[in-house]
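Undergrad: So I've got this file, target24.pdb, and it contains PDB, C-alpha atoms:
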```
MODEL        1
ATOM      1  CA  MET A  23       6.641 -17.089 -15.151  1.00  0.00           C
ATOM      2  CA  ILE A  24       4.610 -14.118 -13.938  1.00  0.00           C
ATOM      3  CA  GLY A  25       0.849 -14.645 -13.929  1.00  0.00           C
ATOM      4  CA  ALA A  26      -0.341 -11.508 -12.121  1.00  0.00           C
ATOM      5  CA  VAL A  27       0.866  -8.160 -10.802  1.00  0.00           C
ATOM      6  CA  VAL A  28      -0.158  -6.931  -7.357  1.00  0.00           C
ATOM      7  CA  PHE A  29       0.121  -3.225  -6.583  1.00  0.00           C
ATOM      8  CA  ASP A  30       0.372  -1.482  -3.265  1.00  0.00           C
ATOM      9  CA  LEU A  31      -1.796   1.649  -3.116  1.00  0.00           C
ATOM     10  CA  ASP A  32      -0.287   4.253  -0.797  1.00  0.00           C
ATOM     11  CA  GLY A  33       3.057   5.454  -2.105  1.00  0.00           C
ATOM     12  CA  VAL A  34       2.774   3.559  -5.397  1.00  0.00           C
ATOM     13  CA  ILE A  35      -0.485   4.742  -6.973  1.00  0.00           C
ATOM     14  CA  LEU A  36      -1.347   7.530  -4.535  1.00  0.00           C
ATOM     15  CA  GLU A  37       1.031   9.920  -2.792  1.00  0.00           C
ATOM     16  CA  THR A  38      -0.742   9.678   0.542  1.00  0.00           C
ATOM     17  CA  GLU A  39       1.868   9.235   3.256  1.00  0.00           C
ATOM     18  CA  GLU A  40       1.950  13.003   3.858  1.00  0.00           C
ATOM     19  CA  VAL A  41      -1.867  13.119   3.875  1.00  0.00           C
ATOM     20  CA  TRP A  42      -2.048  10.260   6.380  1.00  0.00           C
ATOM     21  CA  ASP A  43       0.588  11.990   8.491  1.00  0.00           C
ATOM     22  CA  GLU A  44      -1.271  15.310   8.482  1.00  0.00           C
ATOM     23  CA  VAL A  45      -4.725  13.844   9.135  1.00  0.00           C
ATOM     24  CA  ARG A  46      -3.656  11.465  11.885  1.00  0.00           C
ATOM     25  CA  GLY A  47      -1.273  13.972  13.427  1.00  0.00           C
ATOM     26  CA  ARG A  48      -3.920  16.682  13.691  1.00  0.00           C
ATOM     27  CA  TYR A  49      -6.466  14.180  14.999  1.00  0.00           C
ATOM     28  CA  VAL A  50      -4.092  12.962  17.713  1.00  0.00           C
ATOM     29  CA  VAL A  51      -3.029  16.442  18.843  1.00  0.00           C
ATOM     30  CA  ASP A  52      -6.590  17.797  18.827  1.00  0.00           C
ATOM     31  CA  ARG A  53      -7.521  15.018  21.239  1.00  0.00           C
ATOM     32  CA  GLY A  54      -4.627  15.615  23.601  1.00  0.00           C
ATOM     33  CA  GLY A  55      -2.375  12.861  22.338  1.00  0.00           C
ATOM     34  CA  ARG A  56       1.298  12.844  21.342  1.00  0.00           C
ATOM     35  CA  TYR A  57       2.469  12.713  17.729  1.00  0.00           C
ATOM     36  CA  ASP A  58       5.900  12.867  16.104  1.00  0.00           C
ATOM     37  CA  GLU A  59       7.908  11.468  13.194  1.00  0.00           C
ATOM     38  CA  GLU A  60       8.624   8.237  15.044  1.00  0.00           C
ATOM     39  CA  ALA A  61       4.903   7.627  15.478  1.00  0.00           C
ATOM     40  CA  GLN A  62       4.326   8.063  11.728  1.00  0.00           C
ATOM     41  CA  ARG A  63       7.157   5.705  10.838  1.00  0.00           C
ATOM     42  CA  ALA A  64       5.955   3.125  13.348  1.00  0.00           C
ATOM     43  CA  MET A  65       2.512   3.021  11.719  1.00  0.00           C
ATOM     44  CA  MET A  66       3.663   2.558   8.122  1.00  0.00           C
ATOM     45  CA  GLY A  67       2.211  -0.714   6.873  1.00  0.00           C
ATOM     46  CA  MET A  68       0.011  -1.287   9.909  1.00  0.00           C
ATOM     47  CA  SER A  69      -3.538  -2.429   9.265  1.00  0.00           C
ATOM     48  CA  ALA A  70      -6.392  -0.193  10.446  1.00  0.00           C
ATOM     49  CA  PRO A  71      -7.028  -2.279  13.598  1.00  0.00           C
ATOM     50  CA  GLU A  72      -3.298  -2.088  14.375  1.00  0.00           C
ATOM     51  CA  TRP A  73      -2.772   1.667  13.886  1.00  0.00           C
ATOM     52  CA  SER A  74      -6.045   2.658  15.548  1.00  0.00           C
ATOM     53  CA  ARG A  75      -5.065   0.596  18.595  1.00  0.00           C
ATOM     54  CA  PHE A  76      -1.592   2.212  18.447  1.00  0.00           C
ATOM     55  CA  LEU A  77      -3.188   5.679  18.518  1.00  0.00           C
ATOM     56  CA  GLN A  78      -5.236   4.696  21.536  1.00  0.00           C
ATOM     57  CA  GLU A  79      -2.657   2.745  23.545  1.00  0.00           C
ATOM     58  CA  GLU A  80       0.623   4.423  22.614  1.00  0.00           C
ATOM     59  CA  LEU A  81      -0.315   7.983  21.641  1.00  0.00           C
ATOM     60  CA  GLY A  82      -3.028   8.633  24.211  1.00  0.00           C
ATOM     61  CA  VAL A  83      -6.060   9.170  21.957  1.00  0.00           C
ATOM     62  CA  PRO A  84      -9.402   8.675  23.750  1.00  0.00           C
ATOM     63  CA  GLY A  85     -12.072   6.394  22.308  1.00  0.00           C
ATOM     64  CA  THR A  86     -12.143   2.827  21.084  1.00  0.00           C
ATOM     65  CA  PRO A  87      -9.959   1.685  18.179  1.00  0.00           C
ATOM     66  CA  ASP A  88     -13.100   1.241  16.046  1.00  0.00           C
ATOM     67  CA  GLU A  89     -14.207   4.814  16.743  1.00  0.00           C
ATOM     68  CA  ILE A  90     -10.737   6.182  16.022  1.00  0.00           C
ATOM     69  CA  SER A  91     -10.479   4.264  12.761  1.00  0.00           C
ATOM     70  CA  ALA A  92     -13.927   5.406  11.598  1.00  0.00           C
ATOM     71  CA  ASP A  93     -13.082   9.042  12.357  1.00  0.00           C
ATOM     72  CA  ILE A  94      -9.798   8.916  10.446  1.00  0.00           C
ATOM     73  CA  VAL A  95     -11.396   7.181   7.463  1.00  0.00           C
ATOM     74  CA  ARG A  96     -14.064   9.879   7.202  1.00  0.00           C
ATOM     75  CA  LEU A  97     -11.385  12.573   7.235  1.00  0.00           C
ATOM     76  CA  MET A  98      -9.283  10.769   4.618  1.00  0.00           C
ATOM     77  CA  VAL A  99     -12.214  10.172   2.260  1.00  0.00           C
ATOM     78  CA  ALA A 100     -13.075  13.857   2.484  1.00  0.00           C
ATOM     79  CA  ARG A 101      -9.494  14.741   1.521  1.00  0.00           C
ATOM     80  CA  TYR A 102      -9.595  12.322  -1.419  1.00  0.00           C
ATOM     81  CA  ARG A 103     -12.788  13.936  -2.686  1.00  0.00           C
ATOM     82  CA  GLU A 104     -11.198  17.378  -2.445  1.00  0.00           C
ATOM     83  CA  ARG A 105      -8.114  16.280  -4.385  1.00  0.00           C
ATOM     84  CA  LEU A 106      -7.029  12.727  -5.083  1.00  0.00           C
ATOM     85  CA  PRO A 107      -3.205  12.631  -4.802  1.00  0.00           C
ATOM     86  CA  LEU A 108      -2.604  10.380  -7.817  1.00  0.00           C
ATOM     87  CA  ILE A 109       1.106   9.898  -8.498  1.00  0.00           C
ATOM     88  CA  PRO A 110       2.120  11.114 -11.982  1.00  0.00           C
ATOM     89  CA  GLY A 111       2.597   8.113 -14.239  1.00  0.00           C
ATOM     90  CA  ALA A 112       0.655   5.725 -12.010  1.00  0.00           C
ATOM     91  CA  ARG A 113      -2.401   5.560 -14.271  1.00  0.00           C
ATOM     92  CA  GLU A 114      -0.252   4.745 -17.304  1.00  0.00           C
ATOM     93  CA  ALA A 115       1.702   2.102 -15.379  1.00  0.00           C
ATOM     94  CA  VAL A 116      -1.494   0.376 -14.254  1.00  0.00           C
ATOM     95  CA  GLU A 117      -2.777   0.387 -17.823  1.00  0.00           C
ATOM     96  CA  ARG A 118       0.520  -1.085 -19.109  1.00  0.00           C
ATOM     97  CA  MET A 119       0.391  -3.901 -16.601  1.00  0.00           C
ATOM     98  CA  ALA A 120      -3.322  -4.559 -17.232  1.00  0.00           C
ATOM     99  CA  GLY A 121      -2.562  -4.976 -20.922  1.00  0.00           C
ATOM    100  CA  ARG A 122      -0.505  -8.057 -20.079  1.00  0.00           C
ATOM    101  CA  TRP A 123      -1.604  -9.481 -16.718  1.00  0.00           C
ATOM    102  CA  ARG A 124      -4.489  -9.679 -14.280  1.00  0.00           C
ATOM    103  CA  LEU A 125      -4.016  -7.122 -11.538  1.00  0.00           C
ATOM    104  CA  GLY A 126      -4.561  -7.191  -7.820  1.00  0.00           C
ATOM    105  CA  LEU A 127      -4.117  -4.606  -5.103  1.00  0.00           C
ATOM    106  CA  ALA A 128      -2.831  -5.347  -1.596  1.00  0.00           C
ATOM    107  CA  SER A 129      -3.102  -2.332   0.681  1.00  0.00           C
ATOM    108  CA  SER A 130      -2.872  -1.349   4.313  1.00  0.00           C
ATOM    109  CA  SER A 131      -5.623   1.200   3.679  1.00  0.00           C
ATOM    110  CA  ASN A 132      -9.138   0.701   4.957  1.00  0.00           C
ATOM    111  CA  ARG A 133     -11.652  -0.782   2.514  1.00  0.00           C
ATOM    112  CA  PRO A 134     -13.611   2.500   2.089  1.00  0.00           C
ATOM    113  CA  LEU A 135     -10.382   4.306   1.157  1.00  0.00           C
ATOM    114  CA  ILE A 136      -9.375   1.684  -1.409  1.00  0.00           C
ATOM    115  CA  ASP A 137     -12.797   1.806  -3.023  1.00  0.00           C
ATOM    116  CA  ALA A 138     -12.931   5.617  -3.022  1.00  0.00           C
ATOM    117  CA  ALA A 139      -9.439   5.970  -4.482  1.00  0.00           C
ATOM    118  CA  LEU A 140     -10.019   3.517  -7.325  1.00  0.00           C
ATOM    119  CA  GLU A 141     -13.452   4.932  -8.118  1.00  0.00           C
ATOM    120  CA  LEU A 142     -12.281   8.554  -8.148  1.00  0.00           C
ATOM    121  CA  SER A 143      -9.220   7.715 -10.265  1.00  0.00           C
ATOM    122  CA  GLY A 144     -11.176   5.523 -12.677  1.00  0.00           C
ATOM    123  CA  LEU A 145      -8.684   2.700 -12.099  1.00  0.00           C
ATOM    124  CA  ASP A 146     -11.183   0.308 -10.517  1.00  0.00           C
ATOM    125  CA  ARG A 147     -11.916  -1.352 -13.873  1.00  0.00           C
ATOM    126  CA  PHE A 148      -8.311  -2.562 -14.166  1.00  0.00           C
ATOM    127  CA  PHE A 149      -8.196  -4.562 -10.916  1.00  0.00           C
ATOM    128  CA  ALA A 150      -9.528  -8.102 -10.741  1.00  0.00           C
ATOM    129  CA  THR A 151      -9.336  -8.040  -6.943  1.00  0.00           C
ATOM    130  CA  THR A 152      -8.376  -5.719  -4.103  1.00  0.00           C
ATOM    131  CA  VAL A 153      -7.470  -6.669  -0.538  1.00  0.00           C
ATOM    132  CA  SER A 154      -7.350  -4.478   2.546  1.00  0.00           C
ATOM    133  CA  SER A 155      -5.240  -5.546   5.483  1.00  0.00           C
ATOM    134  CA  GLU A 156      -8.459  -5.129   7.503  1.00  0.00           C
ATOM    135  CA  GLU A 157      -9.548  -8.354   5.824  1.00  0.00           C
ATOM    136  CA  VAL A 158      -6.613 -10.510   6.927  1.00  0.00           C
ATOM    137  CA  ALA A 159      -5.167 -11.476  10.287  1.00  0.00           C
ATOM    138  CA  ARG A 160      -1.973  -9.405  10.169  1.00  0.00           C
ATOM    139  CA  GLY A 161      -0.845  -6.234   8.439  1.00  0.00           C
ATOM    140  CA  LYS A 162       2.428  -5.691   6.610  1.00  0.00           C
ATOM    141  CA  PRO A 163       5.280  -6.714   7.028  1.00  0.00           C
ATOM    142  CA  ALA A 164       3.472 -10.035   7.532  1.00  0.00           C
ATOM    143  CA  PRO A 165       2.672 -11.620   4.141  1.00  0.00           C
ATOM    144  CA  ASP A 166      -1.059 -12.086   4.764  1.00  0.00           C
ATOM    145  CA  VAL A 167      -2.417  -9.343   2.494  1.00  0.00           C
ATOM    146  CA  TYR A 168      -0.273 -10.472  -0.451  1.00  0.00           C
ATOM    147  CA  LEU A 169      -1.078 -14.128   0.078  1.00  0.00           C
ATOM    148  CA  GLU A 170      -4.789 -13.310   0.073  1.00  0.00           C
ATOM    149  CA  ALA A 171      -4.438 -11.252  -3.119  1.00  0.00           C
ATOM    150  CA  ALA A 172      -2.711 -14.179  -4.847  1.00  0.00           C
ATOM    151  CA  ARG A 173      -5.400 -16.574  -3.618  1.00  0.00           C
ATOM    152  CA  ARG A 174      -8.182 -14.370  -4.994  1.00  0.00           C
ATOM    153  CA  LEU A 175      -6.349 -13.995  -8.292  1.00  0.00           C
ATOM    154  CA  GLY A 176      -5.924 -17.769  -8.558  1.00  0.00           C
ATOM    155  CA  VAL A 177      -2.162 -17.449  -9.032  1.00  0.00           C
ATOM    156  CA  VAL A 178       0.491 -18.988  -6.780  1.00  0.00           C
ATOM    157  CA  PRO A 179       2.423 -16.282  -4.874  1.00  0.00           C
ATOM    158  CA  GLY A 180       5.631 -17.215  -6.685  1.00  0.00           C
ATOM    159  CA  GLY A 181       3.892 -16.399  -9.964  1.00  0.00           C
ATOM    160  CA  CYS A 182       3.058 -12.850  -8.856  1.00  0.00           C
ATOM    161  CA  ALA A 183       5.057  -9.647  -9.011  1.00  0.00           C
ATOM    162  CA  ALA A 184       4.465  -7.056  -6.283  1.00  0.00           C
ATOM    163  CA  VAL A 185       5.014  -3.315  -6.703  1.00  0.00           C
ATOM    164  CA  GLU A 186       5.922  -1.677  -3.391  1.00  0.00           C
ATOM    165  CA  ASP A 187       7.424   1.504  -1.966  1.00  0.00           C
ATOM    166  CA  SER A 188       7.915   0.990   1.775  1.00  0.00           C
ATOM    167  CA  HIS A 189      10.087  -1.041   4.114  1.00  0.00           C
ATOM    168  CA  SER A 190       7.189  -3.035   5.538  1.00  0.00           C
ATOM    169  CA  GLY A 191       5.555  -3.501   2.136  1.00  0.00           C
ATOM    170  CA  ILE A 192       8.726  -4.867   0.543  1.00  0.00           C
ATOM    171  CA  ARG A 193       9.165  -7.253   3.461  1.00  0.00           C
ATOM    172  CA  SER A 194       5.534  -8.336   3.193  1.00  0.00           C
ATOM    173  CA  ALA A 195       5.732  -9.163  -0.509  1.00  0.00           C
ATOM    174  CA  GLN A 196       9.071 -10.895  -0.062  1.00  0.00           C
ATOM    175  CA  ALA A 197       7.690 -13.010   2.779  1.00  0.00           C
ATOM    176  CA  ALA A 198       4.811 -14.017   0.488  1.00  0.00           C
ATOM    177  CA  GLY A 199       7.343 -15.329  -2.029  1.00  0.00           C
ATOM    178  CA  MET A 200       6.581 -12.820  -4.794  1.00  0.00           C
ATOM    179  CA  ARG A 201       8.937 -11.078  -7.197  1.00  0.00           C
ATOM    180  CA  VAL A 202       9.363  -7.678  -5.558  1.00  0.00           C
ATOM    181  CA  ILE A 203       9.688  -4.466  -7.546  1.00  0.00           C
ATOM    182  CA  ALA A 204      10.548  -1.575  -5.246  1.00  0.00           C
ATOM    183  CA  ILE A 205       9.900   2.080  -6.043  1.00  0.00           C
ATOM    184  CA  PRO A 206      11.252   3.753  -2.879  1.00  0.00           C
ATOM    185  CA  ASN A 207       9.042   6.371  -1.275  1.00  0.00           C
ATOM    186  CA  PRO A 208      11.144   9.571  -1.330  1.00  0.00           C
ATOM    187  CA  SER A 209       9.562  10.963   1.840  1.00  0.00           C
ATOM    188  CA  TYR A 210       9.794   7.764   3.884  1.00  0.00           C
ATOM    189  CA  PRO A 211      12.430   5.639   2.094  1.00  0.00           C
ATOM    190  CA  PRO A 212      12.797   1.967   2.980  1.00  0.00           C
ATOM    191  CA  GLY A 213      15.968   0.926   4.747  1.00  0.00           C
ATOM    192  CA  PRO A 214      18.898  -0.569   2.849  1.00  0.00           C
ATOM    193  CA  GLU A 215      18.148  -4.065   4.119  1.00  0.00           C
ATOM    194  CA  ALA A 216      14.621  -3.913   2.671  1.00  0.00           C
ATOM    195  CA  LEU A 217      15.870  -2.586  -0.662  1.00  0.00           C
ATOM    196  CA  ALA A 218      18.426  -5.381  -0.763  1.00  0.00           C
ATOM    197  CA  ALA A 219      15.536  -7.854  -0.453  1.00  0.00           C
ATOM    198  CA  ALA A 220      13.815  -6.458  -3.562  1.00  0.00           C
ATOM    199  CA  ASP A 221      14.394  -8.110  -6.937  1.00  0.00           C
ATOM    200  CA  VAL A 222      14.352  -4.777  -8.768  1.00  0.00           C
ATOM    201  CA  VAL A 223      14.628  -1.178  -7.556  1.00  0.00           C
ATOM    202  CA  LEU A 224      13.236   1.589  -9.790  1.00  0.00           C
ATOM    203  CA  ASP A 225      13.572   5.362  -9.527  1.00  0.00           C
ATOM    204  CA  SER A 226       9.939   6.020 -10.454  1.00  0.00           C
ATOM    205  CA  ILE A 227       6.769   4.287 -11.577  1.00  0.00           C
ATOM    206  CA  ASP A 228       7.443   5.515 -15.102  1.00  0.00           C
ATOM    207  CA  GLU A 229      10.112   2.798 -15.252  1.00  0.00           C
ATOM    208  CA  LEU A 230       7.604   0.011 -14.525  1.00  0.00           C
ATOM    209  CA  THR A 231       7.395  -1.859 -17.816  1.00  0.00           C
ATOM    210  CA  VAL A 232       6.512  -5.365 -18.942  1.00  0.00           C
ATOM    211  CA  ASP A 233      10.197  -6.190 -19.394  1.00  0.00           C
ATOM    212  CA  VAL A 234      10.981  -5.109 -15.838  1.00  0.00           C
ATOM    213  CA  VAL A 235       8.221  -7.269 -14.403  1.00  0.00           C
ATOM    214  CA  GLU A 236       9.165 -10.328 -16.452  1.00  0.00           C
ATOM    215  CA  PRO A 237      12.579 -10.044 -18.127  1.00  0.00           C
ATOM    216  CA  ALA A 238      13.132 -12.047 -21.285  1.00  0.00           C
ATOM    217  CA  PRO A 239      15.131 -15.258 -20.689  1.00  0.00           C
ATOM    218  CA  SER A 240      18.836 -14.766 -21.328  1.00  0.00           C
ATOM    219  CA  GLY A 241      20.275 -16.531 -24.352  1.00  0.00           C
TER     220      GLY A 241
ENDMDL
END
```
Represent the supplied structure as structure tokens.

TA:
Amino acid sequence: MIGAVVFDLDGVILETEEVWDEVRGRYVVDRGGRYDEEAQRAMMGMSAPEWSRFLQEELGVPGTPDEISADIVRLMVARYRERLPLIPGAREAVERMAGRWRLGLASSSNRPLIDAALELSGLDRFFATTVSSEEVARGKPAPDVYLEAARRLGVVPGGCAAVEDSHSGIRSAQAAGMRVIAIPNPSYPPGPEALAAADVVLDSIDELTVDVVEPAPSG
């Protein structure tokens, strides 16, 4: 029986992968580093300490990981305040789920970005708890961020449904033991092995309904 629903943020509620790609890519190149599609894919799901260290060690960006992370966060918050890239149908899906279950959010985004996104969208009132992968030991695909969300919600992981879009996110929620509902990111689709690990695959967030999250018992 489902007792809570845990959303990912980037790619599920916000269409931000392209924004992340643009902001980090420009930042890296402006500082003499190297950036390409493989770098973007490698960072999907990484926590802020992980991707900021990746920019420093693998892509040649000067500065400490903390400095790099703080710079990128400032740039991203500024972009959100210019135009928040809310996915069409996401607000309604969150409201549908909140009408039935307590909601959590488990995101690889930095804490200031989570808070800014939910405040600007007006969705903050629907979430009982939010967790950034900054606040746990390991980022996705490790299960840590989902396990912490379940702990804060007071629901066993097996009693939670997770809504995810990416390869690493699906793997993370699966490793936590949750029911996984995948809505593949069209720009950076998860691999077939990750989709095969999901319990349900939807074409869009408009299809996220109560019956999809917790189907009625057969018979």

Undergrad: May I ask which of the residues A:Arg124, A:Arg96, A:Arg133, A:Arg173 is the closest one to Ser155 of chain A, counting only C-alpha atoms?

TA: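 Smallest separation from Ser155 of chain A among the options: A:Arg133.
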
Undergrad: Using only C-alpha atoms, determine which residues lie at most 9 Å from Gln196 of chain A, disregarding the query and same-chain residues fewer than 6 positions distant; provide the list as an MDAnalysis selection string.

TA: chainID A and resid 165 184 202 219:220

Undergrad: Taking C-alpha atoms for each residue, export the selection above as a JSON list (two decimals), keeping the file's coordinate frame.

TA:
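And here's selection-v2.json as it stands now:
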```json
[["chain", "number", "residue", "atom", "x", "y", "z"],
["A", 165, "PRO", "CA", 2.67, -11.62, 4.14],
["A", 184, "ALA", "CA", 4.46, -7.06, -6.28],
["A", 202, "VAL", "CA", 9.36, -7.68, -5.56],
["A", 219, "ALA", "CA", 15.54, -7.85, -0.45],
["A", 220, "ALA", "CA", 13.82, -6.46, -3.56]]
```

Undergrad: Here's the selection I'm unsure about, the PyMOL selection byres ((chain A and resi 34-42) around 7); applied to the file above, which residues does it give, as a compact mmCIF listing (two decimals) with C-alpha atoms, in the coordinates of the input?

TA:
```
# COMPACT_ATOMS: atom_id res chain seq x y z
CA ASP A 30 0.37 -1.48 -3.26
CA LEU A 31 -1.80 1.65 -3.12
CA ASP A 32 -0.29 4.25 -0.80
CA GLY A 33 3.06 5.45 -2.10
CA ASP A 43 0.59 11.99 8.49
CA GLU A 44 -1.27 15.31 8.48
CA VAL A 45 -4.72 13.84 9.14
CA ARG A 46 -3.66 11.46 11.88
CA PRO A 107 -3.20 12.63 -4.80
CA LEU A 108 -2.60 10.38 -7.82
CA ILE A 109 1.11 9.90 -8.50
CA ALA A 112 0.66 5.72 -12.01
CA GLU A 186 5.92 -1.68 -3.39
CA ASP A 187 7.42 1.50 -1.97
```

Undergrad: Here is a test: counting all atoms listed in the file, which residue of A:Glu80, A:Ser226, A:Ser74, A:Arg193 is nearest to Ala61 of chain A?

TA: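 For Ala61 of chain A, the nearest of the given residues is A:Glu80.
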
Undergrad: Figure out the distance between atom CA of Gln62 of chain A and atom CA of Gly85 of chain A, please, to one decimal in Å.

TA: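 That distance, rounded to one decimal, is 19.6 Å.
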
Undergrad: Name the residues in contact with Pro214 of chain A at a cut-off of 12 Å, using only C-alpha atoms, excluding same-chain residues fewer than 6 positions from it; report them as an MDAnalysis selection string.

TA: chainID A and resid 188:189 192:193 204 206 220 223

Undergrad: In Å to one decimal, how far is atom CA of Arg122 of chain A from atom CA of Ala26 of chain A?

TA: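 These atoms are spaced 8.7 Å apart.
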